[in-house]
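Q: Just query.tsv, nothing more (TSV, C-alpha atoms):
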chain	number	residue	atom	x	y	z
A	1	MET	CA	-80.14	0.81	87.34
A	2	LYS	CA	-77.09	-1.21	86.45
A	3	SER	CA	-79.12	-3.24	83.96
A	4	TRP	CA	-80.41	-0.07	82.38
A	5	ASN	CA	-76.91	1.34	81.99
A	6	SER	CA	-75.78	-1.90	80.37
A	7	PHE	CA	-78.70	-1.71	77.95
A	8	ILE	CA	-77.89	1.90	77.08
A	9	LYS	CA	-74.24	1.00	76.56
A	10	PHE	CA	-75.21	-1.93	74.31
A	11	LEU	CA	-77.59	0.30	72.37
A	12	MET	CA	-74.92	2.94	71.85
A	13	ILE	CA	-72.47	0.33	70.65
A	14	GLY	CA	-75.09	-0.94	68.21
A	15	ILE	CA	-75.80	2.56	66.95
A	16	THR	CA	-72.07	3.19	66.54
A	17	LEU	CA	-71.56	-0.05	64.61
A	18	SER	CA	-74.59	0.66	62.44
A	19	ALA	CA	-73.34	4.15	61.69
A	20	SER	CA	-69.90	2.80	60.92
A	21	PHE	CA	-71.35	0.22	58.58
A	22	PHE	CA	-73.57	2.84	56.94
A	23	THR	CA	-70.59	5.12	56.48
A	24	LEU	CA	-68.50	2.30	55.13
A	25	SER	CA	-71.22	1.17	52.76
A	26	GLN	CA	-71.51	4.66	51.36
A	27	SER	CA	-67.77	5.23	50.98
A	28	TYR	CA	-67.09	2.82	48.15
A	29	ASP	CA	-68.67	1.46	44.98
A	30	PHE	CA	-68.54	-2.08	43.73
A	31	GLU	CA	-69.39	-3.70	40.44
A	32	GLN	CA	-70.01	-7.24	39.31
A	33	ILE	CA	-67.35	-8.24	36.78
A	34	ILE	CA	-68.09	-11.21	34.52
A	35	VAL	CA	-65.76	-13.31	32.41
A	36	GLU	CA	-65.67	-12.23	28.76
A	37	PRO	CA	-63.49	-12.73	25.68
A	38	TYR	CA	-60.75	-10.15	25.46
A	39	ALA	CA	-61.80	-7.48	22.95
A	40	ASP	CA	-60.19	-4.20	22.06
A	41	THR	CA	-59.76	-1.60	19.35
A	42	ILE	CA	-56.49	-0.61	17.70
A	43	LYS	CA	-56.36	2.92	16.30
A	44	ARG	CA	-53.29	3.89	14.34
A	45	THR	CA	-52.11	6.30	11.67
A	46	GLY	CA	-50.48	4.90	8.53
A	47	LYS	CA	-49.49	5.93	5.03
A	48	LEU	CA	-51.09	5.09	1.71
A	49	ASP	CA	-48.73	3.20	-0.58
A	50	PHE	CA	-48.58	0.69	-3.41
A	51	LYS	CA	-48.48	-2.99	-2.52
A	52	ARG	CA	-46.43	-3.84	-5.61
A	53	THR	CA	-44.28	-1.80	-7.98
A	54	LEU	CA	-42.50	-2.90	-11.15
A	55	ASN	CA	-39.20	-1.78	-12.71
A	56	LEU	CA	-39.19	-1.92	-16.52
A	57	SER	CA	-36.05	-2.42	-18.57
A	58	PHE	CA	-34.95	-3.54	-22.04
A	59	LYS	CA	-33.50	-6.95	-22.83
A	60	SER	CA	-31.24	-5.51	-25.51
A	61	SER	CA	-28.88	-2.57	-25.69
A	62	GLY	CA	-29.65	0.42	-27.89
A	63	TYR	CA	-30.54	4.09	-27.96
A	64	LEU	CA	-33.86	5.17	-26.49
A	65	ALA	CA	-35.99	6.35	-29.40
A	66	GLU	CA	-39.44	6.74	-27.82
A	67	LEU	CA	-40.79	7.42	-24.33
A	68	ALA	CA	-44.56	7.93	-24.26
A	69	VAL	CA	-45.01	8.62	-20.52
A	70	ASP	CA	-43.36	10.60	-17.77
A	71	GLU	CA	-43.45	10.60	-13.97
A	72	GLY	CA	-46.97	10.92	-12.57
A	73	GLN	CA	-48.65	10.08	-15.87
A	74	TYR	CA	-51.19	7.30	-16.28
A	75	PHE	CA	-51.22	4.66	-18.99
A	76	GLU	CA	-53.44	1.84	-20.22
A	77	LYS	CA	-52.72	-1.86	-20.44
A	78	ASP	CA	-50.86	-2.92	-23.65
A	79	GLN	CA	-49.97	0.71	-24.45
A	80	LEU	CA	-46.52	1.20	-26.03
A	81	ILE	CA	-44.68	3.28	-23.45
A	82	ALA	CA	-40.99	3.00	-24.48
A	83	SER	CA	-38.97	1.84	-27.48
A	84	LEU	CA	-35.35	1.56	-28.61
A	85	ASP	CA	-33.97	2.42	-32.03
A	86	THR	CA	-34.60	-1.00	-33.61
A	87	ARG	CA	-32.74	-0.61	-36.92
A	88	GLU	CA	-29.73	-2.65	-35.84
A	89	LEU	CA	-31.92	-5.28	-34.16
A	90	LEU	CA	-34.11	-5.51	-37.24
A	91	GLN	CA	-31.11	-6.07	-39.50
A	92	ASN	CA	-29.82	-8.77	-37.19
A	93	LYS	CA	-33.22	-10.46	-37.20
A	94	ASN	CA	-33.40	-10.38	-41.00
A	95	ALA	CA	-29.84	-11.69	-41.33
A	96	THR	CA	-30.48	-14.68	-39.06
A	97	TYR	CA	-33.71	-15.40	-40.93
A	98	ALA	CA	-31.80	-15.42	-44.22
A	99	GLU	CA	-29.28	-17.85	-42.69
A	100	LEU	CA	-32.15	-20.11	-41.63
A	101	LEU	CA	-33.58	-20.14	-45.17
A	102	GLN	CA	-30.15	-20.92	-46.60
A	103	ALA	CA	-29.69	-23.79	-44.14
A	104	LYS	CA	-33.06	-25.26	-45.13
A	105	ARG	CA	-32.12	-25.08	-48.83
A	106	GLU	CA	-28.84	-26.85	-48.05
A	107	VAL	CA	-30.78	-29.70	-46.41
A	108	ASN	CA	-32.90	-30.13	-49.54
A	109	ARG	CA	-29.78	-30.14	-51.69
A	110	GLN	CA	-28.07	-32.72	-49.51
A	111	GLN	CA	-31.13	-34.96	-49.61
A	112	LYS	CA	-31.14	-34.94	-53.42
A	113	LEU	CA	-27.41	-35.63	-53.53
A	114	LEU	CA	-27.87	-38.52	-51.11
A	115	GLU	CA	-30.63	-40.00	-53.27
A	116	ASN	CA	-28.20	-39.99	-56.22
A	117	LYS	CA	-25.47	-41.35	-53.98
A	118	LEU	CA	-23.44	-38.19	-54.45
A	119	SER	CA	-23.35	-37.32	-50.76
A	120	SER	CA	-23.21	-39.04	-47.38
A	121	GLU	CA	-25.41	-39.32	-44.32
A	122	GLN	CA	-22.85	-37.31	-42.42
A	123	ASP	CA	-23.19	-34.33	-44.79
A	124	LEU	CA	-26.96	-34.46	-44.38
A	125	ASP	CA	-26.66	-34.56	-40.59
A	126	LEU	CA	-24.39	-31.52	-40.67
A	127	ALA	CA	-26.92	-29.66	-42.81
A	128	LEU	CA	-29.73	-30.52	-40.40
A	129	THR	CA	-27.64	-29.32	-37.48
A	130	ARG	CA	-27.03	-26.01	-39.25
A	131	VAL	CA	-30.81	-25.62	-39.63
A	132	GLU	CA	-31.37	-26.04	-35.90
A	133	THR	CA	-28.52	-23.65	-35.08
A	134	SER	CA	-29.82	-21.05	-37.53
A	135	ARG	CA	-33.35	-21.40	-36.15
A	136	ALA	CA	-32.10	-20.83	-32.60
A	137	ASN	CA	-30.14	-17.73	-33.70
A	138	TYR	CA	-33.20	-16.37	-35.46
A	139	GLN	CA	-35.42	-16.94	-32.41
A	140	VAL	CA	-32.94	-15.09	-30.18
A	141	ALA	CA	-32.70	-12.20	-32.65
A	142	PHE	CA	-36.49	-12.05	-32.95
A	143	TYR	CA	-36.85	-12.07	-29.14
A	144	HIS	CA	-34.35	-9.20	-28.76
A	145	PHE	CA	-36.20	-7.27	-31.46
A	146	GLU	CA	-39.53	-7.75	-29.63
A	147	LYS	CA	-38.05	-6.74	-26.29
A	148	ALA	CA	-36.78	-3.49	-27.77
A	149	GLN	CA	-40.31	-2.21	-27.14
A	150	ILE	CA	-42.01	-2.00	-23.76
A	151	PHE	CA	-45.78	-2.46	-23.61
A	152	ALA	CA	-47.65	-1.75	-20.39
A	153	PRO	CA	-48.45	-5.01	-18.59
A	154	PHE	CA	-51.40	-3.35	-16.82
A	155	SER	CA	-53.11	0.01	-16.41
A	156	GLY	CA	-51.19	2.14	-13.95
A	157	VAL	CA	-49.08	5.16	-13.17
A	158	VAL	CA	-45.40	6.04	-13.65
A	159	LEU	CA	-43.61	6.49	-10.34
A	160	ASN	CA	-40.05	7.15	-11.54
A	161	ARG	CA	-38.24	7.78	-14.82
A	162	TYR	CA	-34.56	6.89	-14.96
A	163	THR	CA	-33.45	7.83	-18.51
A	164	GLU	CA	-33.72	10.34	-21.35
A	165	LEU	CA	-34.44	10.13	-25.07
A	166	GLY	CA	-31.36	9.31	-27.11
A	167	GLU	CA	-29.55	7.80	-24.12
A	168	LEU	CA	-27.83	4.45	-24.66
A	169	GLN	CA	-29.61	1.71	-22.72
A	170	SER	CA	-27.86	-1.29	-21.24
A	171	PRO	CA	-29.67	-4.62	-20.89
A	172	GLY	CA	-31.43	-4.78	-17.52
A	173	SER	CA	-31.00	-1.09	-16.69
A	174	ASN	CA	-34.17	0.44	-15.24
A	175	VAL	CA	-36.08	2.73	-17.55
A	176	LEU	CA	-39.33	3.28	-15.64
A	177	LYS	CA	-40.83	2.34	-12.29
A	178	ILE	CA	-44.57	1.79	-12.48
A	179	ALA	CA	-47.44	0.65	-10.27
A	180	ALA	CA	-50.90	-0.73	-10.95
A	181	LEU	CA	-53.92	1.20	-9.72
A	182	GLU	CA	-56.37	-1.68	-9.23
A	183	GLN	CA	-56.06	-3.99	-6.23
A	184	ASN	CA	-52.75	-2.33	-5.39
A	185	TRP	CA	-53.47	0.39	-2.82
A	186	VAL	CA	-52.46	-0.44	0.75
A	187	VAL	CA	-52.10	1.41	4.03
A	188	LYS	CA	-48.88	0.51	5.84
A	189	VAL	CA	-49.25	0.67	9.62
A	190	ALA	CA	-46.76	0.00	12.42
A	191	LEU	CA	-48.00	-2.18	15.31
A	192	THR	CA	-46.38	-3.42	18.49
A	193	GLY	CA	-45.73	-7.11	19.04
A	194	ASN	CA	-48.75	-7.39	21.34
A	195	GLU	CA	-51.02	-5.64	18.85
A	196	VAL	CA	-49.88	-7.62	15.81
A	197	SER	CA	-50.65	-10.86	17.65
A	198	GLN	CA	-54.33	-9.84	17.70
A	199	VAL	CA	-54.55	-9.20	13.92
A	200	ARG	CA	-55.47	-11.83	11.33
A	201	LEU	CA	-55.05	-12.01	7.55
A	202	GLY	CA	-58.25	-11.03	5.78
A	203	GLN	CA	-59.55	-9.16	8.83
A	204	LYS	CA	-61.78	-6.20	7.97
A	205	VAL	CA	-60.45	-2.77	8.88
A	206	ASN	CA	-62.06	0.67	8.90
A	207	VAL	CA	-59.90	3.16	7.01
A	208	SER	CA	-60.38	6.92	6.89
A	209	LEU	CA	-58.86	8.86	3.97
A	210	GLN	CA	-59.11	12.60	3.52
A	211	ALA	CA	-59.92	12.30	-0.19
A	212	LEU	CA	-62.47	9.49	0.06
A	213	GLY	CA	-63.70	9.46	3.65
A	214	GLY	CA	-64.35	6.11	5.29
A	215	VAL	CA	-63.66	2.90	3.35
A	216	ILE	CA	-63.36	-0.77	4.28
A	217	GLY	CA	-60.00	-2.50	3.90
A	218	GLU	CA	-58.63	-5.88	4.85
A	219	VAL	CA	-55.34	-7.02	6.34
A	220	SER	CA	-53.28	-8.42	3.45
A	221	LYS	CA	-49.82	-8.77	5.02
A	222	ILE	CA	-48.53	-9.53	8.51
A	223	PRO	CA	-44.72	-9.70	8.76
A	224	ALA	CA	-43.02	-12.55	10.60
A	225	ILE	CA	-40.31	-10.29	12.05
A	226	ALA	CA	-40.15	-6.70	13.25
A	227	ASN	CA	-38.36	-4.01	11.32
A	228	THR	CA	-35.05	-2.66	12.53
A	229	GLU	CA	-36.43	0.81	13.30
A	230	GLY	CA	-38.34	0.86	16.56
A	231	ASN	CA	-38.86	-2.92	16.62
A	232	MET	CA	-42.35	-2.48	15.13
A	233	PHE	CA	-44.32	-4.76	12.82
A	234	ILE	CA	-45.43	-3.09	9.56
A	235	ILE	CA	-48.73	-4.61	8.45
A	236	GLU	CA	-50.49	-3.81	5.17
A	237	VAL	CA	-54.20	-3.08	4.84
A	238	LEU	CA	-55.41	-3.62	1.27
A	239	LEU	CA	-58.05	-1.23	-0.10
A	240	PRO	CA	-59.65	-3.53	-2.70
A	241	ASN	CA	-62.42	-1.22	-3.87
A	242	ILE	CA	-60.21	1.76	-4.70
A	243	ASN	CA	-59.32	1.63	-8.38
A	244	LEU	CA	-59.54	5.25	-9.48
A	245	ASN	CA	-57.01	8.05	-9.32
A	246	ASN	CA	-59.50	10.51	-7.82
A	247	GLY	CA	-57.37	12.58	-5.48
A	248	ILE	CA	-55.38	9.84	-3.79
A	249	VAL	CA	-51.61	9.62	-3.99
A	250	ALA	CA	-49.01	7.49	-2.29
A	251	GLY	CA	-47.81	8.97	0.98
A	252	GLN	CA	-51.16	10.35	2.12
A	253	ILE	CA	-52.03	9.86	5.79
A	254	ALA	CA	-54.76	7.35	6.63
A	255	GLU	CA	-56.42	6.50	9.94
A	256	ILE	CA	-57.20	2.84	10.59
A	257	THR	CA	-59.43	1.24	13.24
A	258	ILE	CA	-59.17	-2.49	13.93
A	259	ASP	CA	-61.76	-4.11	16.21
A	260	PHE	CA	-60.87	-7.59	17.39
A	261	THR	CA	-61.89	-10.31	19.84
A	262	SER	CA	-59.32	-12.86	21.01
A	263	ASP	CA	-59.68	-16.45	22.18
A	264	ASN	CA	-58.50	-15.49	25.68
A	265	PHE	CA	-60.96	-14.80	28.51
A	266	VAL	CA	-60.51	-12.00	31.02
A	267	TYR	CA	-62.07	-9.97	33.80
A	268	ARG	CA	-62.26	-6.37	32.53
A	269	LEU	CA	-61.99	-3.98	35.46
A	270	PRO	CA	-61.99	-0.17	35.45
A	271	ILE	CA	-58.50	1.10	36.09
A	272	SER	CA	-59.85	2.82	39.22
A	273	ALA	CA	-60.37	-0.64	40.80
A	274	LEU	CA	-56.63	-1.37	40.76
A	275	VAL	CA	-55.25	-0.95	44.28
A	276	THR	CA	-51.65	-1.76	43.43
A	277	VAL	CA	-49.38	-4.16	41.59
A	278	ASN	CA	-47.48	-6.51	43.88
A	279	ASN	CA	-43.90	-7.68	43.59
A	280	ASN	CA	-45.02	-10.64	41.49
A	281	GLY	CA	-46.54	-8.33	38.89
A	282	GLN	CA	-50.09	-9.23	39.91
A	283	ALA	CA	-52.99	-6.82	40.19
A	284	VAL	CA	-54.26	-6.33	43.75
A	285	VAL	CA	-57.97	-5.53	44.01
A	286	ILE	CA	-60.63	-5.62	46.73
A	287	VAL	CA	-63.24	-8.34	46.30
A	288	ARG	CA	-66.59	-8.28	48.09
A	289	ASN	CA	-68.07	-11.59	49.18
A	290	GLU	CA	-71.46	-10.87	50.74
A	291	GLN	CA	-70.42	-8.26	53.36
A	292	ASP	CA	-66.78	-9.31	53.62
A	293	LEU	CA	-64.07	-7.38	51.80
A	294	THR	CA	-60.70	-8.98	51.06
A	295	TYR	CA	-57.62	-8.20	49.03
A	296	GLN	CA	-57.14	-10.58	46.10
A	297	SER	CA	-54.28	-10.86	43.61
A	298	TYR	CA	-54.72	-11.81	39.94
A	299	ASP	CA	-52.38	-12.19	36.98
A	300	ILE	CA	-52.57	-9.28	34.57
A	301	TYR	CA	-53.39	-10.00	30.93
A	302	ARG	CA	-53.14	-6.40	29.78
A	303	LEU	CA	-53.25	-2.89	31.17
A	304	ASP	CA	-54.23	0.34	29.43
A	305	ASN	CA	-55.41	3.82	30.37
A	306	GLN	CA	-59.00	2.74	30.99
A	307	PHE	CA	-59.05	-0.90	32.03
A	308	VAL	CA	-57.00	-3.61	33.66
A	309	TYR	CA	-57.59	-7.05	32.15
A	310	LEU	CA	-57.11	-10.04	34.45
A	311	PHE	CA	-56.54	-13.60	33.27
A	312	ALA	CA	-59.65	-15.77	33.61
A	313	SER	CA	-61.16	-19.04	32.42
A	314	VAL	CA	-64.46	-19.37	30.65
A	315	ASP	CA	-66.00	-21.19	33.65
A	316	ASP	CA	-64.87	-18.69	36.32
A	317	GLN	CA	-67.59	-17.07	38.42
A	318	PRO	CA	-68.32	-13.31	38.41
A	319	LEU	CA	-66.42	-11.13	40.87
A	320	GLN	CA	-67.80	-8.36	43.08
A	321	ILE	CA	-65.03	-5.78	42.76
A	322	VAL	CA	-64.69	-2.50	44.64
A	323	THR	CA	-64.25	-0.07	41.75
A	324	SER	CA	-63.85	3.19	43.65
A	325	GLY	CA	-63.42	4.42	47.20
A	326	TRP	CA	-61.15	1.59	48.22
A	327	GLN	CA	-58.77	4.20	49.65
A	328	HIS	CA	-61.23	4.68	52.53
A	329	ILE	CA	-61.36	0.99	53.40
A	330	SER	CA	-59.14	-0.57	56.04
A	331	ILE	CA	-58.80	-4.35	55.71
A	332	GLY	CA	-56.53	-6.50	57.77
A	333	LYS	CA	-54.06	-8.37	55.57
In structure tokens, what does this structure look like?
A:
Amino acid sequence: MKSWNSFIKFLMIGITLSASFFTLSQSYDFEQIIVEPYADTIKRTGKLDFKRTLNLSFKSSGYLAELAVDEGQYFEKDQLIASLDTRELLQNKNATYAELLQAKREVNRQQKLLENKLSSEQDLDLALTRVETSRANYQVAFYHFEKAQIFAPFSGVVLNRYTELGELQSPGSNVLKIAALEQNWVVKVALTGNEVSQVRLGQKVNVSLQALGGVIGEVSKIPAIANTEGNMFIIEVLLPNINLNNGIVAGQIAEITIDFTSDNFVYRLPISALVTVNNNGQAVVIVRNEQDLTYQSYDIYRLDNQFVYLFASVDDQPLQIVTSGWQHISIGK
């Protein structure tokens, strides 16, 4: 009878342990996590802008006589878009040209006098010097006369106009601000320091514009330092295939999507697998090894709303991680 009672007791203990194990096995989920290169997607909103703009001004002073374009208007390459009153510049050019001709005639005269021994080498040298001086004066006058007209260096659009017809222009004062339309549209986007470290020059980017829909751009500028506002890095995404003015203007909102893969390797765990973060800043998770469950700590590479990324090496073995239900597990530490 005593043997039978012992058997019954042993059987009940076995049933209890089996039930406990069955309950435990059904109370949590685990997943095999492999090592993989860190990959992510950056989604940001930016603004359409011009990569380069150009301020146009006159080399000479004078009154503005012609202005062929205004703000928002388009122009073609080599089109005359602004001109000064050139009467004074033209007279100065003609006067210096006359002085040059006179200096050349004086050289011829001095050469004939020298042949007849009626002059000296010094007089001839002075005449030759006057020719060079007169030629330089004429070239400067001719250059100023040419620069009294502004021809468009490329096809583009006028962004700003700074003067009026009849207004006296000073050398170097801005008349117009213009921008090219081809190979000049960019989306400027602010990224954090961690995000900008994942972006590369020439990297392809998906861009969504209201006027054109989805287009492909490429990263054309990555700053070396952050801006003073918000400590963000303003990158530029060039839109190389946009060269028309069909409904797009600077300042429009654009959505960009950057997919990237880094050279770093990680374990990518669902955020639900994270038990806690210890005092050393490490992620604490429950690892299953056969039927044993243990707490393990790993250095965190990155953390977001969906995943926790743990540092790993390319040769590291897969991990069996408890991804949910770890709250119901009691493990001795």
Q: Measuring between all atoms listed in the file, which one of A:Leu201, A:Ile234, A:Val207, A:Val284 shows the shortest distance to Ser220 in chain A?
A: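 For Ser220 in chain A, the nearest of the candidates is A:Leu201.
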Q: Find the residues near range 41-54 of chain A: any atom within 6 Å, counting all atoms listed in the file, skip ones fewer than 5 places away on the same chain, and give them as a PyMOL selection string.
A: chain A and resi 177-179+184-189+250-259
Q: Find, counting only C-alpha atoms, the residue in A:Val131, A:Ile321, A:Leu191, A:Leu90 that gets nearest to Glu106 in chain A.
A: A:Val131
Q: Might you pull out every residue within 10 Å of Pro318 in chain A, with all atoms listed in the file counted and same-chain residues fewer than 4 positions away left off, and present them as a VMD selection string?
A: chain A and resid 31 to 35 267
Q: Got a sec: who's within 9 Å of Asn264 in chain A, counting all atoms listed in the file, leaving out chain neighbours fewer than 4 positions off, as a list in words?
A: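 The residues satisfying every condition are Glu36, Pro37, Tyr38, Phe311, Ala312, Ser313 and Val314 of chain A.
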Q: Could you jot down the CA of Asn279 in chain A to CA of Ala39 in chain A separation for me, Å, one decimal place?
A: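 For CA of Asn279 in chain A relative to CA of Ala39 in chain A, the distance reads 27.3 Å.
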Q: For CA of Asp316 in chain A and CA of Glu290 in chain A, quote the distance in Å rounded to one decimal.
A: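 CA of Glu290 in chain A lies at a distance of 17.7 Å from CA of Asp316 in chain A.
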Q: Show which residues sit within 10 Å of range 107-120 of chain A, as a list in words. Count only C-alpha atoms, and ignore same-chain residues fewer than 5 positions away.
A: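 Final neighbour list, sorted by chain and number: Gln102, Asp125, Leu126, Ala127, Leu128, Thr129, Arg130 and Val131 of chain A.
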Q: Skip range 91-96 of chain A itself and residues of its chain fewer than 3 positions away, then list as a ChimeraX atom specification all residues within 8 Å of it, counting only C-alpha atoms.
A: /A:87-88,99-100,134-135,137-138,141-142,145
Q: CA of Ile225 in chain A and CA of Val196 in chain A, how far apart in Å?
A: 10.6 Å
Q: For Tyr309 in chain A, which of A:Thr276, A:Ser330, A:Ile271, A:Gln203 is the closest residue, counting all atoms listed in the file?
A: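 Result for the nearest residue to Tyr309 in chain A: A:Ile271.
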Q: Per residue of range 56-105 of chain A within 12 Å of range 161-176 of chain A, record the nearest atom pair and its distance in Å to one decimal, counting all atoms listed in the file, with rows in chain order and ascending residue number, as JSON lines.
A:
{"residue": "A:Leu56", "atom": "CA", "partner": "A:Leu176", "partner_atom": "CA", "distance": 5.3}
{"residue": "A:Ser57", "atom": "CA", "partner": "A:Asn174", "partner_atom": "CA", "distance": 4.8}
{"residue": "A:Phe58", "atom": "CA", "partner": "A:Pro171", "partner_atom": "CA", "distance": 5.5}
{"residue": "A:Lys59", "atom": "CA", "partner": "A:Pro171", "partner_atom": "CA", "distance": 4.9}
{"residue": "A:Ser60", "atom": "CA", "partner": "A:Pro171", "partner_atom": "CA", "distance": 5.0}
{"residue": "A:Ser61", "atom": "CA", "partner": "A:Ser170", "partner_atom": "CA", "distance": 4.7}
{"residue": "A:Gly62", "atom": "CA", "partner": "A:Gln169", "partner_atom": "CA", "distance": 5.3}
{"residue": "A:Tyr63", "atom": "CA", "partner": "A:Leu168", "partner_atom": "CA", "distance": 4.3}
{"residue": "A:Leu64", "atom": "CA", "partner": "A:Gly166", "partner_atom": "CA", "distance": 4.9}
{"residue": "A:Ala65", "atom": "CA", "partner": "A:Leu165", "partner_atom": "CA", "distance": 6.0}
{"residue": "A:Glu66", "atom": "CA", "partner": "A:Leu165", "partner_atom": "CA", "distance": 6.6}
{"residue": "A:Leu67", "atom": "CA", "partner": "A:Leu165", "partner_atom": "CA", "distance": 6.9}
{"residue": "A:Ala68", "atom": "CA", "partner": "A:Leu165", "partner_atom": "CA", "distance": 10.4}
{"residue": "A:Val69", "atom": "CA", "partner": "A:Arg161", "partner_atom": "CA", "distance": 8.9}
{"residue": "A:Asp70", "atom": "CA", "partner": "A:Arg161", "partner_atom": "CA", "distance": 6.5}
{"residue": "A:Glu71", "atom": "CA", "partner": "A:Arg161", "partner_atom": "CA", "distance": 6.0}
{"residue": "A:Gly72", "atom": "CA", "partner": "A:Arg161", "partner_atom": "CA", "distance": 9.5}
{"residue": "A:Gln73", "atom": "CA", "partner": "A:Arg161", "partner_atom": "CA", "distance": 10.7}
{"residue": "A:Ile81", "atom": "CA", "partner": "A:Leu176", "partner_atom": "CA", "distance": 9.5}
{"residue": "A:Ala82", "atom": "CA", "partner": "A:Val175", "partner_atom": "CA", "distance": 8.5}
{"residue": "A:Ser83", "atom": "CA", "partner": "A:Leu165", "partner_atom": "CA", "distance": 9.7}
{"residue": "A:Leu84", "atom": "CA", "partner": "A:Gln169", "partner_atom": "CA", "distance": 8.2}
{"residue": "A:Asp85", "atom": "CA", "partner": "A:Gly166", "partner_atom": "CA", "distance": 8.9}
Q: Give the answer as one residue: which of A:Val237, A:Val308, A:Ile222, A:Ala103 has the shortest atom-to-atom distance to Leu124 in chain A, using all atoms listed in the file?
A: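 With all atoms listed in the file as the atom set, the closest residue is A:Ala103.
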Q: Which residue out of A:Ser272, A:Glu218, A:Leu303, A:Ser155 has the minimum interatomic distance to Ser324 in chain A when only C-alpha atoms are used?
A: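 For Ser324 in chain A, the nearest of the candidates is A:Ser272.
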Q: Have a look at A:Gly202, A:Val140, A:Asn280, A:Leu159 and name the one nearest to Leu238 in chain A; count all atoms listed in the file.
A: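 Result for the nearest residue to Leu238 in chain A: A:Gly202.
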